[in-house]
Every structure is written in structure tokens, then in C-alpha cells.
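File shown here: my_file.cif, holding mmCIF, N, CA and C atoms.
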data_upload
#
loop_
_atom_site.label_atom_id
_atom_site.label_comp_id
_atom_site.auth_asym_id
_atom_site.auth_seq_id
_atom_site.Cartn_x
_atom_site.Cartn_y
_atom_site.Cartn_z
N MET U 14 -9.92 14.28 0.13
CA MET U 14 -8.77 13.88 -0.66
C MET U 14 -9.27 13.21 -1.93
N HIS U 15 -8.75 13.66 -3.07
CA HIS U 15 -9.22 13.11 -4.34
C HIS U 15 -8.49 11.82 -4.71
N ASP U 16 -7.61 11.31 -3.87
CA ASP U 16 -6.92 10.05 -4.14
C ASP U 16 -7.58 8.87 -3.43
N THR U 17 -8.79 9.03 -2.95
CA THR U 17 -9.47 7.97 -2.22
C THR U 17 -9.68 6.73 -3.09
N ILE U 18 -10.04 6.92 -4.33
CA ILE U 18 -10.24 5.78 -5.23
C ILE U 18 -8.91 5.05 -5.44
N LEU U 19 -7.84 5.80 -5.60
CA LEU U 19 -6.51 5.20 -5.76
C LEU U 19 -6.13 4.41 -4.51
N LEU U 20 -6.35 4.97 -3.34
CA LEU U 20 -6.06 4.26 -2.09
C LEU U 20 -6.87 2.97 -2.00
N SER U 21 -8.12 3.03 -2.41
CA SER U 21 -8.98 1.85 -2.38
C SER U 21 -8.46 0.76 -3.32
N LYS U 22 -8.05 1.15 -4.52
CA LYS U 22 -7.54 0.17 -5.48
C LYS U 22 -6.24 -0.46 -4.99
N ILE U 23 -5.36 0.35 -4.40
CA ILE U 23 -4.10 -0.18 -3.86
C ILE U 23 -4.39 -1.16 -2.74
N SER U 24 -5.31 -0.80 -1.86
CA SER U 24 -5.68 -1.65 -0.73
C SER U 24 -6.22 -3.00 -1.20
N GLU U 25 -7.11 -2.98 -2.18
CA GLU U 25 -7.68 -4.21 -2.70
C GLU U 25 -6.61 -5.09 -3.35
N GLU U 26 -5.72 -4.47 -4.11
CA GLU U 26 -4.67 -5.24 -4.77
C GLU U 26 -3.69 -5.81 -3.74
N LEU U 27 -3.40 -5.05 -2.69
CA LEU U 27 -2.54 -5.55 -1.62
C LEU U 27 -3.14 -6.80 -0.99
N LYS U 28 -4.42 -6.76 -0.70
CA LYS U 28 -5.10 -7.92 -0.13
C LYS U 28 -5.01 -9.13 -1.06
N THR U 29 -5.27 -8.90 -2.35
CA THR U 29 -5.24 -9.97 -3.34
C THR U 29 -3.84 -10.60 -3.42
N ILE U 30 -2.83 -9.76 -3.46
CA ILE U 30 -1.44 -10.26 -3.55
C ILE U 30 -1.08 -11.04 -2.28
N CYS U 31 -1.48 -10.54 -1.13
CA CYS U 31 -1.16 -11.22 0.12
C CYS U 31 -1.85 -12.58 0.21
N VAL U 32 -3.09 -12.68 -0.22
CA VAL U 32 -3.79 -13.96 -0.22
C VAL U 32 -3.10 -14.92 -1.19
N ALA U 33 -2.79 -14.45 -2.38
CA ALA U 33 -2.17 -15.30 -3.40
C ALA U 33 -0.79 -15.81 -2.97
N ASN U 34 -0.10 -15.03 -2.14
CA ASN U 34 1.25 -15.40 -1.72
C ASN U 34 1.33 -15.84 -0.27
N ASN U 35 0.15 -16.08 0.33
CA ASN U 35 0.09 -16.60 1.69
C ASN U 35 0.79 -15.70 2.72
N ILE U 36 0.66 -14.38 2.54
CA ILE U 36 1.28 -13.40 3.45
C ILE U 36 0.24 -12.97 4.49
N ASN U 37 0.63 -13.03 5.78
CA ASN U 37 -0.31 -12.62 6.82
C ASN U 37 0.08 -11.31 7.51
N LYS U 38 1.32 -10.84 7.32
CA LYS U 38 1.77 -9.56 7.87
C LYS U 38 2.69 -8.90 6.86
N VAL U 39 2.37 -7.66 6.50
CA VAL U 39 3.21 -6.91 5.57
C VAL U 39 4.26 -6.15 6.39
N LYS U 40 5.53 -6.45 6.13
CA LYS U 40 6.64 -5.79 6.84
C LYS U 40 7.04 -4.49 6.15
N THR U 41 7.27 -4.54 4.83
CA THR U 41 7.58 -3.34 4.07
C THR U 41 6.76 -3.35 2.78
N PHE U 42 6.36 -2.16 2.38
CA PHE U 42 5.49 -2.01 1.23
C PHE U 42 5.94 -0.74 0.50
N THR U 43 6.36 -0.89 -0.76
CA THR U 43 6.82 0.24 -1.56
C THR U 43 5.87 0.45 -2.73
N VAL U 44 5.39 1.69 -2.85
CA VAL U 44 4.42 2.04 -3.89
C VAL U 44 4.93 3.27 -4.63
N ILE U 45 4.78 3.26 -5.94
CA ILE U 45 5.14 4.41 -6.77
C ILE U 45 3.85 5.11 -7.19
N VAL U 46 3.80 6.42 -6.99
CA VAL U 46 2.66 7.23 -7.40
C VAL U 46 3.16 8.44 -8.18
N ASN U 47 2.25 9.17 -8.76
CA ASN U 47 2.54 10.37 -9.54
C ASN U 47 3.06 11.48 -8.62
N HIS U 48 3.85 12.38 -9.17
CA HIS U 48 4.39 13.51 -8.40
C HIS U 48 3.28 14.40 -7.82
N ARG U 49 2.14 14.46 -8.47
CA ARG U 49 1.03 15.31 -8.01
C ARG U 49 0.08 14.62 -7.03
N SER U 50 0.31 13.36 -6.78
CA SER U 50 -0.58 12.60 -5.90
C SER U 50 -0.49 13.12 -4.47
N HIS U 51 -1.61 13.08 -3.79
CA HIS U 51 -1.67 13.48 -2.38
C HIS U 51 -1.43 12.30 -1.45
N VAL U 52 -1.14 11.14 -1.99
CA VAL U 52 -0.85 9.96 -1.18
C VAL U 52 0.52 10.14 -0.54
N HIS U 53 0.58 9.99 0.76
CA HIS U 53 1.86 10.00 1.47
C HIS U 53 1.80 8.91 2.53
N SER U 54 2.93 8.60 3.13
CA SER U 54 3.00 7.42 4.01
C SER U 54 2.04 7.49 5.19
N ASP U 55 1.82 8.67 5.76
CA ASP U 55 0.92 8.78 6.92
C ASP U 55 -0.54 8.50 6.56
N ASN U 56 -1.06 9.17 5.52
CA ASN U 56 -2.47 8.94 5.19
C ASN U 56 -2.67 7.56 4.59
N PHE U 57 -1.65 7.05 3.91
CA PHE U 57 -1.74 5.71 3.34
C PHE U 57 -1.76 4.67 4.45
N TYR U 58 -0.91 4.83 5.44
CA TYR U 58 -0.88 3.92 6.58
C TYR U 58 -2.23 3.93 7.30
N ASP U 59 -2.77 5.12 7.56
CA ASP U 59 -4.08 5.23 8.22
C ASP U 59 -5.16 4.51 7.42
N TYR U 60 -5.16 4.71 6.11
CA TYR U 60 -6.15 4.06 5.26
C TYR U 60 -6.01 2.54 5.32
N LEU U 61 -4.78 2.05 5.21
CA LEU U 61 -4.56 0.60 5.26
C LEU U 61 -4.90 0.02 6.62
N GLN U 62 -4.71 0.77 7.68
CA GLN U 62 -5.09 0.30 9.02
C GLN U 62 -6.59 0.02 9.07
N HIS U 63 -7.38 0.87 8.40
CA HIS U 63 -8.84 0.69 8.41
C HIS U 63 -9.30 -0.41 7.46
N THR U 64 -8.57 -0.59 6.37
CA THR U 64 -9.03 -1.56 5.37
C THR U 64 -8.30 -2.89 5.42
N CYS U 65 -7.09 -2.90 5.95
CA CYS U 65 -6.26 -4.12 5.99
C CYS U 65 -5.60 -4.27 7.35
N GLY U 66 -6.33 -3.99 8.40
CA GLY U 66 -5.76 -3.98 9.74
C GLY U 66 -5.08 -5.26 10.16
N ASP U 67 -5.50 -6.39 9.61
CA ASP U 67 -4.86 -7.65 9.95
C ASP U 67 -3.52 -7.82 9.22
N LEU U 68 -3.33 -7.12 8.10
CA LEU U 68 -2.09 -7.22 7.33
C LEU U 68 -1.08 -6.13 7.68
N VAL U 69 -1.60 -4.95 8.01
CA VAL U 69 -0.77 -3.77 8.21
C VAL U 69 -0.91 -3.29 9.65
N GLY U 70 0.23 -2.99 10.28
CA GLY U 70 0.21 -2.49 11.65
C GLY U 70 1.49 -1.76 11.97
N GLU U 71 1.77 -1.61 13.26
CA GLU U 71 2.97 -0.89 13.68
C GLU U 71 4.24 -1.55 13.17
N TRP U 72 4.14 -2.78 12.75
CA TRP U 72 5.28 -3.53 12.20
C TRP U 72 5.55 -3.21 10.72
N THR U 73 4.70 -2.40 10.08
CA THR U 73 4.78 -2.14 8.65
C THR U 73 5.49 -0.82 8.35
N LYS U 74 6.44 -0.88 7.43
CA LYS U 74 7.10 0.32 6.93
C LYS U 74 6.59 0.58 5.53
N ILE U 75 6.02 1.76 5.30
CA ILE U 75 5.48 2.12 3.99
C ILE U 75 6.39 3.15 3.35
N ASP U 76 6.78 2.88 2.11
CA ASP U 76 7.64 3.78 1.35
C ASP U 76 6.87 4.24 0.12
N ILE U 77 6.62 5.53 0.02
CA ILE U 77 5.95 6.11 -1.14
C ILE U 77 7.02 6.76 -2.01
N GLN U 78 7.12 6.32 -3.24
CA GLN U 78 8.06 6.91 -4.18
C GLN U 78 7.27 7.63 -5.26
N ARG U 79 7.84 8.70 -5.77
CA ARG U 79 7.16 9.51 -6.79
C ARG U 79 7.93 9.45 -8.10
N GLU U 80 7.20 9.12 -9.16
CA GLU U 80 7.79 9.04 -10.49
C GLU U 80 6.78 9.58 -11.50
N ASP U 81 7.20 9.66 -12.74
CA ASP U 81 6.31 10.13 -13.80
C ASP U 81 5.41 9.00 -14.27
N VAL U 82 4.33 8.78 -13.54
CA VAL U 82 3.29 7.83 -13.93
C VAL U 82 2.00 8.61 -14.10
N GLN U 83 1.02 8.02 -14.76
CA GLN U 83 -0.26 8.70 -14.97
C GLN U 83 -0.95 9.00 -13.66
N ASP U 84 -1.78 10.05 -13.67
CA ASP U 84 -2.62 10.36 -12.51
C ASP U 84 -3.47 9.16 -12.16
N GLN U 85 -3.74 9.00 -10.88
CA GLN U 85 -4.57 7.91 -10.36
C GLN U 85 -4.01 6.54 -10.71
N THR U 86 -2.68 6.47 -10.84
CA THR U 86 -2.00 5.21 -11.11
C THR U 86 -1.01 4.96 -9.98
N ALA U 87 -0.91 3.71 -9.59
CA ALA U 87 0.08 3.31 -8.59
C ALA U 87 0.74 2.03 -9.07
N ILE U 88 2.02 1.93 -8.78
CA ILE U 88 2.77 0.72 -9.08
C ILE U 88 3.20 0.13 -7.75
N LEU U 89 2.76 -1.09 -7.48
CA LEU U 89 3.18 -1.77 -6.26
C LEU U 89 4.54 -2.36 -6.54
N LYS U 90 5.57 -1.67 -6.07
CA LYS U 90 6.94 -2.03 -6.41
C LYS U 90 7.43 -3.24 -5.63
N SER U 91 7.16 -3.26 -4.33
CA SER U 91 7.59 -4.42 -3.55
C SER U 91 6.73 -4.58 -2.30
N ILE U 92 6.55 -5.83 -1.94
CA ILE U 92 5.84 -6.20 -0.71
C ILE U 92 6.68 -7.28 -0.04
N VAL U 93 7.07 -7.02 1.18
CA VAL U 93 7.80 -8.02 1.97
C VAL U 93 6.97 -8.31 3.20
N GLY U 94 6.73 -9.59 3.45
CA GLY U 94 5.89 -9.93 4.58
C GLY U 94 6.21 -11.30 5.15
N GLU U 95 5.45 -11.65 6.17
CA GLU U 95 5.57 -12.96 6.80
C GLU U 95 4.52 -13.89 6.22
N GLU U 96 4.93 -15.10 5.91
CA GLU U 96 4.01 -16.08 5.38
C GLU U 96 3.24 -16.78 6.50
N ASN U 97 2.03 -17.21 6.17
CA ASN U 97 1.27 -18.04 7.10
C ASN U 97 1.99 -19.35 7.33
N GLU U 98 1.83 -19.91 8.49
CA GLU U 98 2.47 -21.19 8.83
C GLU U 98 1.76 -22.37 8.22
N ASN U 99 0.50 -22.20 7.78
CA ASN U 99 -0.32 -23.32 7.31
C ASN U 99 0.24 -23.92 6.07
#
This entry written out as C-alpha cells:
Amino acid sequence: MHDTILLSKISEELKTICVANNINKVKTFTVIVNHRSHVHSDNFYDYLQHTCGDLVGEWTKIDIQREDVQDQTAILKSIVGEENEN
């Protein structure tokens, strides 16, 4: 899959946002990608399970939306999660 770099960048940014906002479980995650992108909810979920397994799990709903954005670009539209108790 030629979107591996894009998946990696999304994963890293998701981790950064979750740390900055004290989120320990992602409930819903909406991402906008290009119409030609091979990213879809199943392969994206599998990728996030391997890279962000503590944040993403069976409790996570992933929504992939397609719009006219540049190739290899993703817009993290929304992240809803549970905050740490600390």
C-alpha cells in the first residue's frame, strides 16, 4: 500500500493530540483523505491497533471521509475520547 507514510503521519499526530489533551481512549476518530487514497476504515483500524493499541481498540469508531485534498494529505477532523483521571 502506497499510503503507509500517510498512515504513519496520522498515527503520530493522533498520539501527539491525545497526549496534549490527556486522552487515553479514542472513541470516535474522523479523518478526511483524498478520493484516490487507499486508506479505508479497516486497514486504518488495523494500522492504529499496531501503532496505538493503548488508544485505539474495539471501542473505537473510525470514519474516513473523502474530499478534494492533496495526495498524501489527511485532515484530522475530529477526535472524541476519554480523558485520563489524573
Give me the residues within 9 Å of Asp84 of chain U as a PDB file with N, CA and C atoms, in the frame of the given file, counting only C-alpha atoms and dropping any in the same chain fewer than 6 places off.
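Written file, around.pdb:
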ATOM      1  N   VAL U  46       3.800   6.420  -6.990  1.00  0.00           N
ATOM      2  CA  VAL U  46       2.660   7.230  -7.400  1.00  0.00           C
ATOM      3  C   VAL U  46       3.160   8.440  -8.180  1.00  0.00           C
ATOM      4  N   ASN U  47       2.250   9.170  -8.760  1.00  0.00           N
ATOM      5  CA  ASN U  47       2.540  10.370  -9.540  1.00  0.00           C
ATOM      6  C   ASN U  47       3.060  11.480  -8.620  1.00  0.00           C
ATOM      7  N   HIS U  48       3.850  12.380  -9.170  1.00  0.00           N
ATOM      8  CA  HIS U  48       4.390  13.510  -8.400  1.00  0.00           C
ATOM      9  C   HIS U  48       3.280  14.400  -7.820  1.00  0.00           C
ATOM     10  N   ARG U  49       2.140  14.460  -8.470  1.00  0.00           N
ATOM     11  CA  ARG U  49       1.030  15.310  -8.010  1.00  0.00           C
ATOM     12  C   ARG U  49       0.080  14.620  -7.030  1.00  0.00           C
ATOM     13  N   SER U  50       0.310  13.360  -6.780  1.00  0.00           N
ATOM     14  CA  SER U  50      -0.580  12.600  -5.900  1.00  0.00           C
ATOM     15  C   SER U  50      -0.490  13.120  -4.470  1.00  0.00           C
TER      16      SER U  50
END
- Item | Minimum-distance residue to Ile18 of chain U, chosen among U:Thr41, U:Glu95, U:Val52, U:Gly66 (using only C-alpha atoms) |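 Of the candidates, the smallest distance to Ile18 of chain U is held by U:Val52.
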- Message: To test your reading of the structure, identify every residue in segment 14-73 of chain U that backbone DSSP assigns to strand (DSSP E or B), and report it as a list in words.
- Response: Ile36, Asn37, Lys38, Val39, Lys40, Thr41, Phe42, Thr43, Val44, Ile45, Val46 and Asn47 of chain U
- Task: Compare U:Asn34, U:Thr43, U:Thr17, U:Ser24 by their minimum atom-to-atom distance to Leu61 of chain U, counting only N, CA and C atoms, and give me the closest one.
- Result: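 Counting only N, CA and C atoms, the residue closest to Leu61 of chain U is U:Ser24.
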- Note on the structure: Closest of U:Asp59, U:Asn35, U:Lys40, U:Ile45 to Thr73 of chain U, counting all atoms listed in the file, is U:Lys40
- Query: Exactly which residues make up the result of the PyMOL selection byres ((chain U and resi 89) around 7) on this file, given as a ChimeraX atom specification?
  - Reply: /U:43-45,87-88,90-92
Restrict the selected residues to N, CA and C atoms and save them as an mmCIF file, in the coordinates of the input.
data_model
loop_
_atom_site.group_PDB
_atom_site.id
_atom_site.type_symbol
_atom_site.label_atom_id
_atom_site.label_comp_id
_atom_site.auth_asym_id
_atom_site.auth_seq_id
_atom_site.Cartn_x
_atom_site.Cartn_y
_atom_site.Cartn_z
ATOM 1 N N THR U 43 6.360 -0.890 -0.760
ATOM 2 C CA THR U 43 6.820 0.240 -1.560
ATOM 3 C C THR U 43 5.870 0.450 -2.730
ATOM 4 N N VAL U 44 5.390 1.690 -2.850
ATOM 5 C CA VAL U 44 4.420 2.040 -3.890
ATOM 6 C C VAL U 44 4.930 3.270 -4.630
ATOM 7 N N ILE U 45 4.780 3.260 -5.940
ATOM 8 C CA ILE U 45 5.140 4.410 -6.770
ATOM 9 C C ILE U 45 3.850 5.110 -7.190
ATOM 10 N N ALA U 87 -0.910 3.710 -9.590
ATOM 11 C CA ALA U 87 0.080 3.310 -8.590
ATOM 12 C C ALA U 87 0.740 2.030 -9.070
ATOM 13 N N ILE U 88 2.020 1.930 -8.780
ATOM 14 C CA ILE U 88 2.770 0.720 -9.080
ATOM 15 C C ILE U 88 3.200 0.130 -7.750
ATOM 16 N N LYS U 90 5.570 -1.670 -6.070
ATOM 17 C CA LYS U 90 6.940 -2.030 -6.410
ATOM 18 C C LYS U 90 7.430 -3.240 -5.630
ATOM 19 N N SER U 91 7.160 -3.260 -4.330
ATOM 20 C CA SER U 91 7.590 -4.420 -3.550
ATOM 21 C C SER U 91 6.730 -4.580 -2.300
ATOM 22 N N ILE U 92 6.550 -5.830 -1.940
ATOM 23 C CA ILE U 92 5.840 -6.200 -0.710
ATOM 24 C C ILE U 92 6.680 -7.280 -0.040
#
- Message: For the provided coordinates, the residues matched by the PyMOL selection byres (((chain U and resi 20 and name CA) around 10) and name CA) should be stated as a PyMOL selection string.
- Response: chain U and resi 15-19+21-26+52+56-57+60-61+64+85-87
Put those residues in a file: N, CA and C atoms, as a compact mmCIF listing (two decimals), in the frame of the given file.
# COMPACT_ATOMS: atom_id res chain seq x y z
N HIS U 15 -8.75 13.66 -3.07
CA HIS U 15 -9.22 13.11 -4.34
C HIS U 15 -8.49 11.82 -4.71
N ASP U 16 -7.61 11.31 -3.87
CA ASP U 16 -6.92 10.05 -4.14
C ASP U 16 -7.58 8.87 -3.43
N THR U 17 -8.79 9.03 -2.95
CA THR U 17 -9.47 7.97 -2.22
C THR U 17 -9.68 6.73 -3.09
N ILE U 18 -10.04 6.92 -4.33
CA ILE U 18 -10.24 5.78 -5.23
C ILE U 18 -8.91 5.05 -5.44
N LEU U 19 -7.84 5.80 -5.60
CA LEU U 19 -6.51 5.20 -5.76
C LEU U 19 -6.13 4.41 -4.51
N SER U 21 -8.12 3.03 -2.41
CA SER U 21 -8.98 1.85 -2.38
C SER U 21 -8.46 0.76 -3.32
N LYS U 22 -8.05 1.15 -4.52
CA LYS U 22 -7.54 0.17 -5.48
C LYS U 22 -6.24 -0.46 -4.99
N ILE U 23 -5.36 0.35 -4.40
CA ILE U 23 -4.10 -0.18 -3.86
C ILE U 23 -4.39 -1.16 -2.74
N SER U 24 -5.31 -0.80 -1.86
CA SER U 24 -5.68 -1.65 -0.73
C SER U 24 -6.22 -3.00 -1.20
N GLU U 25 -7.11 -2.98 -2.18
CA GLU U 25 -7.68 -4.21 -2.70
C GLU U 25 -6.61 -5.09 -3.35
N GLU U 26 -5.72 -4.47 -4.11
CA GLU U 26 -4.67 -5.24 -4.77
C GLU U 26 -3.69 -5.81 -3.74
N VAL U 52 -1.14 11.14 -1.99
CA VAL U 52 -0.85 9.96 -1.18
C VAL U 52 0.52 10.14 -0.54
N ASN U 56 -1.06 9.17 5.52
CA ASN U 56 -2.47 8.94 5.19
C ASN U 56 -2.67 7.56 4.59
N PHE U 57 -1.65 7.05 3.91
CA PHE U 57 -1.74 5.71 3.34
C PHE U 57 -1.76 4.67 4.45
N TYR U 60 -5.16 4.71 6.11
CA TYR U 60 -6.15 4.06 5.26
C TYR U 60 -6.01 2.54 5.32
N LEU U 61 -4.78 2.05 5.21
CA LEU U 61 -4.56 0.60 5.26
C LEU U 61 -4.90 0.02 6.62
N THR U 64 -8.57 -0.59 6.37
CA THR U 64 -9.03 -1.56 5.37
C THR U 64 -8.30 -2.89 5.42
N GLN U 85 -3.74 9.00 -10.88
CA GLN U 85 -4.57 7.91 -10.36
C GLN U 85 -4.01 6.54 -10.71
N THR U 86 -2.68 6.47 -10.84
CA THR U 86 -2.00 5.21 -11.11
C THR U 86 -1.01 4.96 -9.98
N ALA U 87 -0.91 3.71 -9.59
CA ALA U 87 0.08 3.31 -8.59
C ALA U 87 0.74 2.03 -9.07
- Mind telling me what the PyMOL selection byres (((chain U and resi 38 and name CA) around 9) and name CA) catches here, as an MDAnalysis selection string? chainID U and resid 31 36:37 39:40 67:70 72:73 93:97
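Our summary of the geometry notes that atom C of Ile77 of chain U is positioned 10.8 Å from atom N of His51 of chain U.
Interatomic distance, atom N of Ser54 of chain U against atom N of Val32 of chain U: 22.4 Å.
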- Tell me, in Å to one decimal, how far atom CA of His53 of chain U is from atom N of Gln78 of chain U.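 These atoms are spaced 8.0 Å apart.
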Quick one: segment 46-70 of chain U with N, CA, C and O atoms, as a PDB file, keeping the file's coordinate frame?
ATOM      1  N   VAL U  46       3.800   6.420  -6.990  1.00  0.00           N
ATOM      2  CA  VAL U  46       2.660   7.230  -7.400  1.00  0.00           C
ATOM      3  C   VAL U  46       3.160   8.440  -8.180  1.00  0.00           C
ATOM      4  O   VAL U  46       4.357   8.727  -8.220  1.00  0.00           O
ATOM      5  N   ASN U  47       2.250   9.170  -8.760  1.00  0.00           N
ATOM      6  CA  ASN U  47       2.540  10.370  -9.540  1.00  0.00           C
ATOM      7  C   ASN U  47       3.060  11.480  -8.620  1.00  0.00           C
ATOM      8  O   ASN U  47       2.707  11.538  -7.441  1.00  0.00           O
ATOM      9  N   HIS U  48       3.850  12.380  -9.170  1.00  0.00           N
ATOM     10  CA  HIS U  48       4.390  13.510  -8.400  1.00  0.00           C
ATOM     11  C   HIS U  48       3.280  14.400  -7.820  1.00  0.00           C
ATOM     12  O   HIS U  48       3.464  15.006  -6.762  1.00  0.00           O
ATOM     13  N   ARG U  49       2.140  14.460  -8.470  1.00  0.00           N
ATOM     14  CA  ARG U  49       1.030  15.310  -8.010  1.00  0.00           C
ATOM     15  C   ARG U  49       0.080  14.620  -7.030  1.00  0.00           C
ATOM     16  O   ARG U  49      -0.836  15.226  -6.512  1.00  0.00           O
ATOM     17  N   SER U  50       0.310  13.360  -6.780  1.00  0.00           N
ATOM     18  CA  SER U  50      -0.580  12.600  -5.900  1.00  0.00           C
ATOM     19  C   SER U  50      -0.490  13.120  -4.470  1.00  0.00           C
ATOM     20  O   SER U  50       0.564  13.542  -4.005  1.00  0.00           O
ATOM     21  N   HIS U  51      -1.610  13.080  -3.790  1.00  0.00           N
ATOM     22  CA  HIS U  51      -1.670  13.480  -2.380  1.00  0.00           C
ATOM     23  C   HIS U  51      -1.430  12.300  -1.450  1.00  0.00           C
ATOM     24  O   HIS U  51      -1.546  12.434  -0.235  1.00  0.00           O
ATOM     25  N   VAL U  52      -1.140  11.140  -1.990  1.00  0.00           N
ATOM     26  CA  VAL U  52      -0.850   9.960  -1.180  1.00  0.00           C
ATOM     27  C   VAL U  52       0.520  10.140  -0.540  1.00  0.00           C
ATOM     28  O   VAL U  52       1.496  10.462  -1.224  1.00  0.00           O
ATOM     29  N   HIS U  53       0.580   9.990   0.760  1.00  0.00           N
ATOM     30  CA  HIS U  53       1.860  10.000   1.470  1.00  0.00           C
ATOM     31  C   HIS U  53       1.800   8.910   2.530  1.00  0.00           C
ATOM     32  O   HIS U  53       0.749   8.323   2.794  1.00  0.00           O
ATOM     33  N   SER U  54       2.930   8.600   3.130  1.00  0.00           N
ATOM     34  CA  SER U  54       3.000   7.420   4.010  1.00  0.00           C
ATOM     35  C   SER U  54       2.040   7.490   5.190  1.00  0.00           C
ATOM     36  O   SER U  54       1.480   6.473   5.584  1.00  0.00           O
ATOM     37  N   ASP U  55       1.820   8.670   5.760  1.00  0.00           N
ATOM     38  CA  ASP U  55       0.920   8.780   6.920  1.00  0.00           C
ATOM     39  C   ASP U  55      -0.540   8.500   6.560  1.00  0.00           C
ATOM     40  O   ASP U  55      -1.192   7.682   7.204  1.00  0.00           O
ATOM     41  N   ASN U  56      -1.060   9.170   5.520  1.00  0.00           N
ATOM     42  CA  ASN U  56      -2.470   8.940   5.190  1.00  0.00           C
ATOM     43  C   ASN U  56      -2.670   7.560   4.590  1.00  0.00           C
ATOM     44  O   ASN U  56      -3.709   6.934   4.768  1.00  0.00           O
ATOM     45  N   PHE U  57      -1.650   7.050   3.910  1.00  0.00           N
ATOM     46  CA  PHE U  57      -1.740   5.710   3.340  1.00  0.00           C
ATOM     47  C   PHE U  57      -1.760   4.670   4.450  1.00  0.00           C
ATOM     48  O   PHE U  57      -2.545   3.729   4.429  1.00  0.00           O
ATOM     49  N   TYR U  58      -0.910   4.830   5.440  1.00  0.00           N
ATOM     50  CA  TYR U  58      -0.880   3.920   6.580  1.00  0.00           C
ATOM     51  C   TYR U  58      -2.230   3.930   7.300  1.00  0.00           C
ATOM     52  O   TYR U  58      -2.777   2.873   7.610  1.00  0.00           O
ATOM     53  N   ASP U  59      -2.770   5.120   7.560  1.00  0.00           N
ATOM     54  CA  ASP U  59      -4.080   5.230   8.220  1.00  0.00           C
ATOM     55  C   ASP U  59      -5.160   4.510   7.420  1.00  0.00           C
ATOM     56  O   ASP U  59      -5.988   3.789   7.983  1.00  0.00           O
ATOM     57  N   TYR U  60      -5.160   4.710   6.110  1.00  0.00           N
ATOM     58  CA  TYR U  60      -6.150   4.060   5.260  1.00  0.00           C
ATOM     59  C   TYR U  60      -6.010   2.540   5.320  1.00  0.00           C
ATOM     60  O   TYR U  60      -6.998   1.822   5.478  1.00  0.00           O
ATOM     61  N   LEU U  61      -4.780   2.050   5.210  1.00  0.00           N
ATOM     62  CA  LEU U  61      -4.560   0.600   5.260  1.00  0.00           C
ATOM     63  C   LEU U  61      -4.900   0.020   6.620  1.00  0.00           C
ATOM     64  O   LEU U  61      -5.357  -1.125   6.697  1.00  0.00           O
ATOM     65  N   GLN U  62      -4.710   0.770   7.680  1.00  0.00           N
ATOM     66  CA  GLN U  62      -5.090   0.300   9.020  1.00  0.00           C
ATOM     67  C   GLN U  62      -6.590   0.020   9.070  1.00  0.00           C
ATOM     68  O   GLN U  62      -7.023  -0.946   9.685  1.00  0.00           O
ATOM     69  N   HIS U  63      -7.380   0.870   8.400  1.00  0.00           N
ATOM     70  CA  HIS U  63      -8.840   0.690   8.410  1.00  0.00           C
ATOM     71  C   HIS U  63      -9.300  -0.410   7.460  1.00  0.00           C
ATOM     72  O   HIS U  63     -10.305  -1.066   7.723  1.00  0.00           O
ATOM     73  N   THR U  64      -8.570  -0.590   6.370  1.00  0.00           N
ATOM     74  CA  THR U  64      -9.030  -1.560   5.370  1.00  0.00           C
ATOM     75  C   THR U  64      -8.300  -2.890   5.420  1.00  0.00           C
ATOM     76  O   THR U  64      -8.837  -3.887   4.942  1.00  0.00           O
ATOM     77  N   CYS U  65      -7.090  -2.900   5.950  1.00  0.00           N
ATOM     78  CA  CYS U  65      -6.260  -4.120   5.990  1.00  0.00           C
ATOM     79  C   CYS U  65      -5.600  -4.270   7.350  1.00  0.00           C
ATOM     80  O   CYS U  65      -4.428  -4.645   7.445  1.00  0.00           O
ATOM     81  N   GLY U  66      -6.330  -3.990   8.400  1.00  0.00           N
ATOM     82  CA  GLY U  66      -5.760  -3.980   9.740  1.00  0.00           C
ATOM     83  C   GLY U  66      -5.080  -5.260  10.160  1.00  0.00           C
ATOM     84  O   GLY U  66      -4.155  -5.241  10.981  1.00  0.00           O
ATOM     85  N   ASP U  67      -5.500  -6.390   9.610  1.00  0.00           N
ATOM     86  CA  ASP U  67      -4.860  -7.650   9.950  1.00  0.00           C
ATOM     87  C   ASP U  67      -3.520  -7.820   9.220  1.00  0.00           C
ATOM     88  O   ASP U  67      -2.653  -8.555   9.684  1.00  0.00           O
ATOM     89  N   LEU U  68      -3.330  -7.120   8.100  1.00  0.00           N
ATOM     90  CA  LEU U  68      -2.090  -7.220   7.330  1.00  0.00           C
ATOM     91  C   LEU U  68      -1.080  -6.130   7.680  1.00  0.00           C
ATOM     92  O   LEU U  68       0.122  -6.332   7.611  1.00  0.00           O
ATOM     93  N   VAL U  69      -1.600  -4.950   8.010  1.00  0.00           N
ATOM     94  CA  VAL U  69      -0.770  -3.770   8.210  1.00  0.00           C
ATOM     95  C   VAL U  69      -0.910  -3.290   9.650  1.00  0.00           C
ATOM     96  O   VAL U  69      -2.004  -3.187  10.176  1.00  0.00           O
ATOM     97  N   GLY U  70       0.230  -2.990  10.280  1.00  0.00           N
ATOM     98  CA  GLY U  70       0.210  -2.490  11.650  1.00  0.00           C
ATOM     99  C   GLY U  70       1.490  -1.760  11.970  1.00  0.00           C
ATOM    100  O   GLY U  70       2.241  -1.364  11.073  1.00  0.00           O
TER     101      GLY U  70
END
